[in-house]
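As stored in entry28.txt (compact mmCIF, N, CA, C and O atoms):
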```txt
# COMPACT_ATOMS: atom_id res chain seq x y z
N MET U 1 -36.99 7.19 -31.39
CA MET U 1 -35.71 7.04 -32.03
C MET U 1 -34.88 8.27 -31.67
O MET U 1 -35.36 9.39 -31.76
N GLN U 2 -33.65 8.02 -31.24
CA GLN U 2 -32.72 9.10 -30.98
C GLN U 2 -31.50 8.91 -31.86
O GLN U 2 -31.03 7.79 -32.04
N ALA U 3 -31.02 10.01 -32.40
CA ALA U 3 -29.82 9.96 -33.22
C ALA U 3 -28.68 10.63 -32.46
O ALA U 3 -28.88 11.64 -31.79
N VAL U 4 -27.51 10.05 -32.54
CA VAL U 4 -26.34 10.59 -31.87
C VAL U 4 -25.82 11.81 -32.62
O VAL U 4 -25.32 12.75 -32.03
N GLU U 5 -25.95 11.79 -33.92
CA GLU U 5 -25.49 12.89 -34.76
C GLU U 5 -26.62 13.29 -35.71
O GLU U 5 -27.59 12.57 -35.85
N ASN U 6 -26.47 14.44 -36.34
CA ASN U 6 -27.47 14.86 -37.31
C ASN U 6 -27.65 13.76 -38.34
O ASN U 6 -26.68 13.21 -38.84
N SER U 7 -28.90 13.43 -38.61
CA SER U 7 -29.21 12.32 -39.50
C SER U 7 -30.38 12.67 -40.40
O SER U 7 -31.17 13.54 -40.09
N GLU U 8 -30.45 11.95 -41.49
CA GLU U 8 -31.60 12.07 -42.38
C GLU U 8 -32.28 10.72 -42.41
O GLU U 8 -31.64 9.70 -42.69
N VAL U 9 -33.56 10.70 -42.11
CA VAL U 9 -34.31 9.45 -42.07
C VAL U 9 -35.28 9.44 -43.25
O VAL U 9 -35.97 10.42 -43.50
N ILE U 10 -35.28 8.32 -43.94
CA ILE U 10 -36.17 8.18 -45.10
C ILE U 10 -37.16 7.06 -44.81
O ILE U 10 -36.77 5.95 -44.43
N ALA U 11 -38.42 7.35 -44.95
CA ALA U 11 -39.47 6.35 -44.77
C ALA U 11 -39.98 5.93 -46.14
O ALA U 11 -40.29 6.77 -46.99
N ILE U 12 -40.03 4.62 -46.35
CA ILE U 12 -40.50 4.09 -47.63
C ILE U 12 -41.74 3.24 -47.37
O ILE U 12 -41.71 2.34 -46.53
N ASP U 13 -42.78 3.54 -48.08
CA ASP U 13 -44.01 2.77 -47.98
C ASP U 13 -43.72 1.31 -48.34
O ASP U 13 -42.93 1.02 -49.23
N LYS U 14 -44.37 0.39 -47.64
CA LYS U 14 -44.10 -1.03 -47.84
C LYS U 14 -44.31 -1.48 -49.28
O LYS U 14 -43.50 -2.24 -49.82
N THR U 15 -45.36 -1.02 -49.91
CA THR U 15 -45.63 -1.44 -51.29
C THR U 15 -44.54 -0.93 -52.24
O THR U 15 -44.14 -1.64 -53.17
N ILE U 16 -44.05 0.28 -52.00
CA ILE U 16 -42.97 0.82 -52.83
C ILE U 16 -41.69 0.04 -52.58
O ILE U 16 -40.95 -0.29 -53.53
N LEU U 17 -41.41 -0.29 -51.32
CA LEU U 17 -40.22 -1.08 -51.00
C LEU U 17 -40.28 -2.44 -51.70
O LEU U 17 -39.29 -2.88 -52.29
N GLU U 18 -41.43 -3.09 -51.65
CA GLU U 18 -41.59 -4.39 -52.32
C GLU U 18 -41.30 -4.27 -53.81
O GLU U 18 -40.62 -5.11 -54.39
N SER U 19 -41.80 -3.22 -54.42
CA SER U 19 -41.56 -3.00 -55.86
C SER U 19 -40.07 -2.78 -56.14
O SER U 19 -39.52 -3.33 -57.10
N LEU U 20 -39.41 -1.99 -55.28
CA LEU U 20 -37.97 -1.75 -55.45
C LEU U 20 -37.16 -3.04 -55.32
O LEU U 20 -36.21 -3.26 -56.07
N LEU U 21 -37.53 -3.87 -54.37
CA LEU U 21 -36.80 -5.11 -54.15
C LEU U 21 -36.96 -6.07 -55.33
O LEU U 21 -36.03 -6.81 -55.65
N ILE U 22 -38.11 -6.06 -55.95
CA ILE U 22 -38.32 -6.90 -57.15
C ILE U 22 -37.54 -6.32 -58.32
O ILE U 22 -36.90 -7.05 -59.08
N GLU U 23 -37.56 -5.00 -58.44
CA GLU U 23 -36.90 -4.33 -59.56
C GLU U 23 -35.37 -4.38 -59.44
O GLU U 23 -34.67 -4.47 -60.46
N ILE U 24 -34.87 -4.31 -58.21
CA ILE U 24 -33.41 -4.28 -57.99
C ILE U 24 -33.04 -5.41 -57.02
O ILE U 24 -32.99 -5.21 -55.81
N PRO U 25 -32.76 -6.61 -57.53
CA PRO U 25 -32.48 -7.76 -56.67
C PRO U 25 -31.31 -7.54 -55.71
O PRO U 25 -31.33 -8.04 -54.58
N ASN U 26 -30.29 -6.79 -56.11
CA ASN U 26 -29.16 -6.53 -55.22
C ASN U 26 -29.57 -5.73 -53.98
O ASN U 26 -28.96 -5.84 -52.93
N LEU U 27 -30.62 -4.95 -54.12
CA LEU U 27 -31.12 -4.17 -52.99
C LEU U 27 -31.71 -5.11 -51.94
O LEU U 27 -31.52 -4.90 -50.73
N GLU U 28 -32.37 -6.15 -52.39
CA GLU U 28 -32.92 -7.13 -51.45
C GLU U 28 -31.79 -7.81 -50.68
O GLU U 28 -31.86 -7.98 -49.46
N ARG U 29 -30.75 -8.19 -51.39
CA ARG U 29 -29.58 -8.81 -50.73
C ARG U 29 -28.96 -7.86 -49.72
O ARG U 29 -28.61 -8.24 -48.62
N TYR U 30 -28.82 -6.59 -50.09
CA TYR U 30 -28.25 -5.58 -49.19
C TYR U 30 -29.06 -5.48 -47.90
O TYR U 30 -28.50 -5.53 -46.80
N PHE U 31 -30.38 -5.35 -48.02
CA PHE U 31 -31.22 -5.22 -46.83
C PHE U 31 -31.21 -6.50 -45.99
O PHE U 31 -31.28 -6.45 -44.77
N ARG U 32 -31.09 -7.64 -46.63
CA ARG U 32 -30.99 -8.90 -45.87
C ARG U 32 -29.72 -8.92 -45.05
O ARG U 32 -29.73 -9.26 -43.86
N ILE U 33 -28.61 -8.51 -45.63
CA ILE U 33 -27.33 -8.49 -44.92
C ILE U 33 -27.37 -7.49 -43.77
O ILE U 33 -26.92 -7.77 -42.65
N VAL U 34 -27.93 -6.31 -44.02
CA VAL U 34 -28.05 -5.30 -42.96
C VAL U 34 -28.90 -5.84 -41.81
O VAL U 34 -28.56 -5.69 -40.63
N THR U 35 -30.00 -6.49 -42.15
CA THR U 35 -30.88 -7.06 -41.12
C THR U 35 -30.18 -8.15 -40.33
O THR U 35 -30.28 -8.20 -39.10
N GLN U 36 -29.43 -9.02 -41.00
CA GLN U 36 -28.70 -10.07 -40.30
C GLN U 36 -27.65 -9.50 -39.35
O GLN U 36 -27.52 -9.96 -38.21
N LYS U 37 -26.93 -8.49 -39.80
CA LYS U 37 -25.92 -7.86 -38.94
C LYS U 37 -26.57 -7.18 -37.74
O LYS U 37 -26.06 -7.25 -36.62
N SER U 38 -27.69 -6.51 -37.96
CA SER U 38 -28.41 -5.85 -36.87
C SER U 38 -28.91 -6.87 -35.85
O SER U 38 -28.81 -6.66 -34.64
N PHE U 39 -29.43 -7.97 -36.33
CA PHE U 39 -29.93 -9.02 -35.45
C PHE U 39 -28.78 -9.61 -34.62
O PHE U 39 -28.90 -9.81 -33.42
N GLY U 40 -27.65 -9.86 -35.27
CA GLY U 40 -26.48 -10.38 -34.55
C GLY U 40 -25.99 -9.41 -33.49
O GLY U 40 -25.66 -9.81 -32.37
N ALA U 41 -25.95 -8.13 -33.82
CA ALA U 41 -25.51 -7.11 -32.86
C ALA U 41 -26.47 -7.05 -31.67
O ALA U 41 -26.04 -6.91 -30.52
N MET U 42 -27.76 -7.16 -31.94
CA MET U 42 -28.75 -7.13 -30.87
C MET U 42 -28.59 -8.35 -29.95
O MET U 42 -28.65 -8.23 -28.73
N GLN U 43 -28.32 -9.51 -30.53
CA GLN U 43 -28.10 -10.70 -29.72
C GLN U 43 -26.86 -10.57 -28.84
O GLN U 43 -26.87 -10.97 -27.68
N MET U 44 -25.79 -9.99 -29.39
CA MET U 44 -24.57 -9.79 -28.60
C MET U 44 -24.83 -8.82 -27.45
O MET U 44 -24.36 -9.03 -26.34
N ARG U 45 -25.58 -7.76 -27.71
CA ARG U 45 -25.89 -6.79 -26.65
C ARG U 45 -26.65 -7.47 -25.52
O ARG U 45 -26.35 -7.27 -24.34
N ILE U 46 -27.63 -8.27 -25.88
CA ILE U 46 -28.41 -8.98 -24.85
C ILE U 46 -27.51 -9.94 -24.08
O ILE U 46 -27.59 -10.02 -22.85
N LYS U 47 -26.64 -10.65 -24.78
CA LYS U 47 -25.71 -11.55 -24.11
C LYS U 47 -24.84 -10.78 -23.11
O LYS U 47 -24.66 -11.21 -21.97
N PHE U 48 -24.31 -9.63 -23.54
CA PHE U 48 -23.47 -8.84 -22.65
C PHE U 48 -24.25 -8.32 -21.44
O PHE U 48 -23.72 -8.27 -20.34
N LEU U 49 -25.50 -7.96 -21.64
CA LEU U 49 -26.32 -7.47 -20.53
C LEU U 49 -26.51 -8.55 -19.46
O LEU U 49 -26.56 -8.25 -18.27
N PHE U 50 -26.57 -9.81 -19.89
CA PHE U 50 -26.80 -10.90 -18.94
C PHE U 50 -25.53 -11.53 -18.40
O PHE U 50 -25.57 -12.19 -17.36
N THR U 51 -24.40 -11.36 -19.08
CA THR U 51 -23.20 -12.07 -18.65
C THR U 51 -22.09 -11.17 -18.11
O THR U 51 -21.15 -11.68 -17.51
N MET U 52 -22.18 -9.87 -18.32
CA MET U 52 -21.13 -8.97 -17.86
C MET U 52 -21.67 -8.01 -16.80
O MET U 52 -22.85 -7.64 -16.84
N SER U 53 -20.79 -7.60 -15.92
CA SER U 53 -21.16 -6.56 -14.96
C SER U 53 -21.23 -5.23 -15.71
O SER U 53 -20.74 -5.11 -16.84
N ALA U 54 -21.81 -4.23 -15.08
CA ALA U 54 -21.91 -2.91 -15.70
C ALA U 54 -20.52 -2.37 -16.04
O ALA U 54 -20.30 -1.82 -17.12
N GLU U 55 -19.59 -2.55 -15.13
CA GLU U 55 -18.23 -2.07 -15.37
C GLU U 55 -17.59 -2.80 -16.54
O GLU U 55 -16.95 -2.19 -17.40
N GLU U 56 -17.78 -4.11 -16.62
CA GLU U 56 -17.24 -4.89 -17.74
C GLU U 56 -17.86 -4.44 -19.07
O GLU U 56 -17.16 -4.33 -20.08
N ARG U 57 -19.17 -4.17 -19.07
CA ARG U 57 -19.84 -3.70 -20.29
C ARG U 57 -19.24 -2.38 -20.76
O ARG U 57 -18.96 -2.19 -21.95
N TYR U 58 -19.03 -1.46 -19.81
CA TYR U 58 -18.47 -0.16 -20.19
C TYR U 58 -17.06 -0.34 -20.78
O TYR U 58 -16.76 0.20 -21.83
N HIS U 59 -16.21 -1.08 -20.10
CA HIS U 59 -14.84 -1.25 -20.58
C HIS U 59 -14.80 -2.00 -21.92
O HIS U 59 -14.00 -1.65 -22.80
N HIS U 60 -15.66 -2.99 -22.07
CA HIS U 60 -15.72 -3.71 -23.35
C HIS U 60 -16.12 -2.76 -24.47
O HIS U 60 -15.49 -2.73 -25.55
N PHE U 61 -17.15 -1.97 -24.25
CA PHE U 61 -17.61 -1.03 -25.26
C PHE U 61 -16.54 0.01 -25.56
O PHE U 61 -16.26 0.33 -26.71
N ASN U 62 -15.90 0.52 -24.50
CA ASN U 62 -14.86 1.52 -24.67
C ASN U 62 -13.65 0.96 -25.42
O ASN U 62 -13.04 1.65 -26.24
N ASP U 63 -13.31 -0.30 -25.17
CA ASP U 63 -12.19 -0.94 -25.86
C ASP U 63 -12.46 -1.12 -27.35
O ASP U 63 -11.57 -0.99 -28.18
N HIS U 64 -13.72 -1.42 -27.69
CA HIS U 64 -14.07 -1.70 -29.08
C HIS U 64 -14.48 -0.45 -29.88
O HIS U 64 -14.36 -0.43 -31.10
N PHE U 65 -15.00 0.56 -29.19
CA PHE U 65 -15.49 1.76 -29.88
C PHE U 65 -15.05 3.04 -29.17
O PHE U 65 -15.88 3.87 -28.80
N PRO U 66 -13.75 3.24 -28.97
CA PRO U 66 -13.29 4.40 -28.18
C PRO U 66 -13.68 5.75 -28.77
O PRO U 66 -14.04 6.67 -28.02
N GLU U 67 -13.67 5.87 -30.10
CA GLU U 67 -14.03 7.15 -30.71
C GLU U 67 -15.51 7.44 -30.53
O GLU U 67 -15.91 8.59 -30.37
N PHE U 68 -16.33 6.41 -30.52
CA PHE U 68 -17.77 6.57 -30.31
C PHE U 68 -18.06 7.02 -28.88
O PHE U 68 -18.88 7.90 -28.65
N VAL U 69 -17.35 6.44 -27.93
CA VAL U 69 -17.53 6.81 -26.51
C VAL U 69 -17.23 8.29 -26.31
O VAL U 69 -17.89 8.95 -25.51
N GLN U 70 -16.28 8.83 -27.06
CA GLN U 70 -15.93 10.24 -26.95
C GLN U 70 -16.98 11.16 -27.58
O GLN U 70 -17.14 12.30 -27.15
N ARG U 71 -17.70 10.68 -28.58
CA ARG U 71 -18.65 11.51 -29.31
C ARG U 71 -20.07 11.49 -28.74
O ARG U 71 -20.85 12.40 -28.99
N VAL U 72 -20.42 10.43 -28.03
CA VAL U 72 -21.79 10.24 -27.58
C VAL U 72 -22.00 10.87 -26.20
O VAL U 72 -21.14 10.72 -25.33
N PRO U 73 -23.13 11.54 -25.99
CA PRO U 73 -23.41 12.06 -24.66
C PRO U 73 -23.42 10.91 -23.63
O PRO U 73 -23.91 9.82 -23.91
N GLN U 74 -22.90 11.20 -22.46
CA GLN U 74 -22.74 10.19 -21.42
C GLN U 74 -24.07 9.52 -21.05
O GLN U 74 -24.13 8.31 -20.87
N TYR U 75 -25.14 10.29 -20.98
CA TYR U 75 -26.43 9.71 -20.59
C TYR U 75 -26.93 8.71 -21.63
O TYR U 75 -27.56 7.71 -21.29
N MET U 76 -26.65 8.97 -22.93
CA MET U 76 -27.08 8.03 -23.98
C MET U 76 -26.30 6.72 -23.90
O MET U 76 -26.87 5.64 -24.02
N LEU U 77 -25.00 6.84 -23.70
CA LEU U 77 -24.16 5.64 -23.60
C LEU U 77 -24.56 4.83 -22.37
O LEU U 77 -24.69 3.61 -22.45
N ALA U 78 -24.77 5.50 -21.26
CA ALA U 78 -25.17 4.80 -20.04
C ALA U 78 -26.50 4.08 -20.25
O ALA U 78 -26.66 2.92 -19.85
N SER U 79 -27.44 4.73 -20.89
CA SER U 79 -28.73 4.11 -21.15
C SER U 79 -28.57 2.87 -22.03
O SER U 79 -29.16 1.83 -21.76
N TYR U 80 -27.76 2.98 -23.08
CA TYR U 80 -27.52 1.84 -23.97
C TYR U 80 -26.89 0.67 -23.22
O TYR U 80 -27.22 -0.48 -23.46
N LEU U 81 -25.99 0.99 -22.28
CA LEU U 81 -25.30 -0.05 -21.52
C LEU U 81 -26.11 -0.50 -20.30
O LEU U 81 -25.66 -1.34 -19.53
N ASP U 82 -27.27 0.10 -20.09
CA ASP U 82 -28.23 -0.29 -19.06
C ASP U 82 -27.78 0.04 -17.64
O ASP U 82 -27.86 -0.78 -16.74
N PHE U 83 -27.27 1.27 -17.47
CA PHE U 83 -27.05 1.78 -16.12
C PHE U 83 -27.16 3.30 -16.17
O PHE U 83 -27.35 3.88 -17.23
N SER U 84 -27.08 3.94 -15.00
CA SER U 84 -27.28 5.39 -14.94
C SER U 84 -26.02 6.14 -15.33
O SER U 84 -24.91 5.62 -15.24
N ALA U 85 -26.21 7.39 -15.72
CA ALA U 85 -25.08 8.26 -16.06
C ALA U 85 -24.20 8.48 -14.82
O ALA U 85 -22.99 8.58 -14.92
N GLU U 86 -24.83 8.53 -13.64
CA GLU U 86 -24.07 8.70 -12.40
C GLU U 86 -23.15 7.50 -12.16
O GLU U 86 -22.00 7.67 -11.77
N PHE U 87 -23.67 6.32 -12.41
CA PHE U 87 -22.85 5.11 -12.23
C PHE U 87 -21.70 5.10 -13.23
O PHE U 87 -20.58 4.71 -12.91
N MET U 88 -21.96 5.56 -14.45
CA MET U 88 -20.89 5.61 -15.45
C MET U 88 -19.81 6.59 -15.02
O MET U 88 -18.62 6.33 -15.22
N SER U 89 -20.20 7.69 -14.40
CA SER U 89 -19.19 8.64 -13.90
C SER U 89 -18.28 7.96 -12.87
O SER U 89 -17.07 8.18 -12.86
N LYS U 90 -18.88 7.13 -12.03
CA LYS U 90 -18.08 6.41 -11.02
C LYS U 90 -17.13 5.41 -11.70
O LYS U 90 -15.98 5.28 -11.30
N ILE U 91 -17.62 4.73 -12.74
CA ILE U 91 -16.77 3.78 -13.46
C ILE U 91 -15.58 4.52 -14.08
O ILE U 91 -14.44 4.10 -13.95
N ARG U 92 -15.88 5.65 -14.74
CA ARG U 92 -14.82 6.41 -15.41
C ARG U 92 -13.81 6.97 -14.41
O ARG U 92 -12.64 7.11 -14.74
N ALA U 93 -14.28 7.29 -13.21
CA ALA U 93 -13.40 7.84 -12.19
C ALA U 93 -12.66 6.73 -11.44
O ALA U 93 -11.81 7.02 -10.58
N GLY U 94 -12.99 5.47 -11.74
CA GLY U 94 -12.34 4.36 -11.07
C GLY U 94 -12.81 4.13 -9.64
O GLY U 94 -12.12 3.53 -8.83
N LYS U 95 -14.02 4.57 -9.34
CA LYS U 95 -14.57 4.45 -7.97
C LYS U 95 -15.44 3.22 -7.81
O LYS U 95 -16.09 3.06 -6.79
N VAL U 96 -15.45 2.35 -8.80
CA VAL U 96 -16.29 1.13 -8.70
C VAL U 96 -15.38 -0.06 -8.54
O VAL U 96 -14.34 -0.18 -9.07
```

Any chance you could give the structure as structure tokens?
Amino acid sequence: MQAVENSEVIAIDKTILESLLIEIPNLERYFRIVTQKSFGAMQMRIKFLFTMSAEERYHHFNDHFPEFVQRVPQYMLASYLDFSAEFMSKIRAGKV
């Protein structure tokens, strides 16, 4: 797991999580919604990997998340978009 920014990660034992979900029903709904959104985002990423060129993926991501593109190290963004940092430099320079 890599974090783009300083983060705090909390690990909850499965039995404790199960108890919390029974005790606080809204928490179960929250985690279900988060899981559904994550699953949908993962499906969209896979779709983009198979249907868009590397250049199209970069421009699409940059159009939708410009502030994120500025904050994330280039190698991490390139890896997420499934190409090399060198290739991303060429895309940004307009050499592709």

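Here atom CA of U:Arg45 stands at a distance of 21.1 Å from atom CA of U:Ser89.
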
Spatial neighbours of stretch 86-88 of chain U, 12 Å, only C-alpha atoms, chain gap at least 2 places, as a PyMOL selection string: chain U and resi 54-59+62+69+73-84+90-96

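Straight-line separation from atom CA of U:Val4 to atom CA of U:Val72: 6.3 Å.
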
Straight-line distance linking atom CA of U:Glu18 with atom CA of U:Ser38, stated in Å to one decimal: 20.4 Å

Centre and edge lengths, as AutoDock Vina command-line options, for the axis-aligned box enclosing every listed atom of stretch 58-69 of chain U with 5 Å of padding on each of the six sides, in Å to one decimal?
```
--center_x -15.3 --center_y 2.6 --center_z -25.5 --size_x 17.5 --size_y 22.7 --size_z 21.3
```

Chain U: residues DSSP assigns to helix (DSSP H, G or I), reported as a VMD selection string: chain U and resid 14 to 23 25 to 51 54 to 64 66 to 71 74 to 81 85 to 93
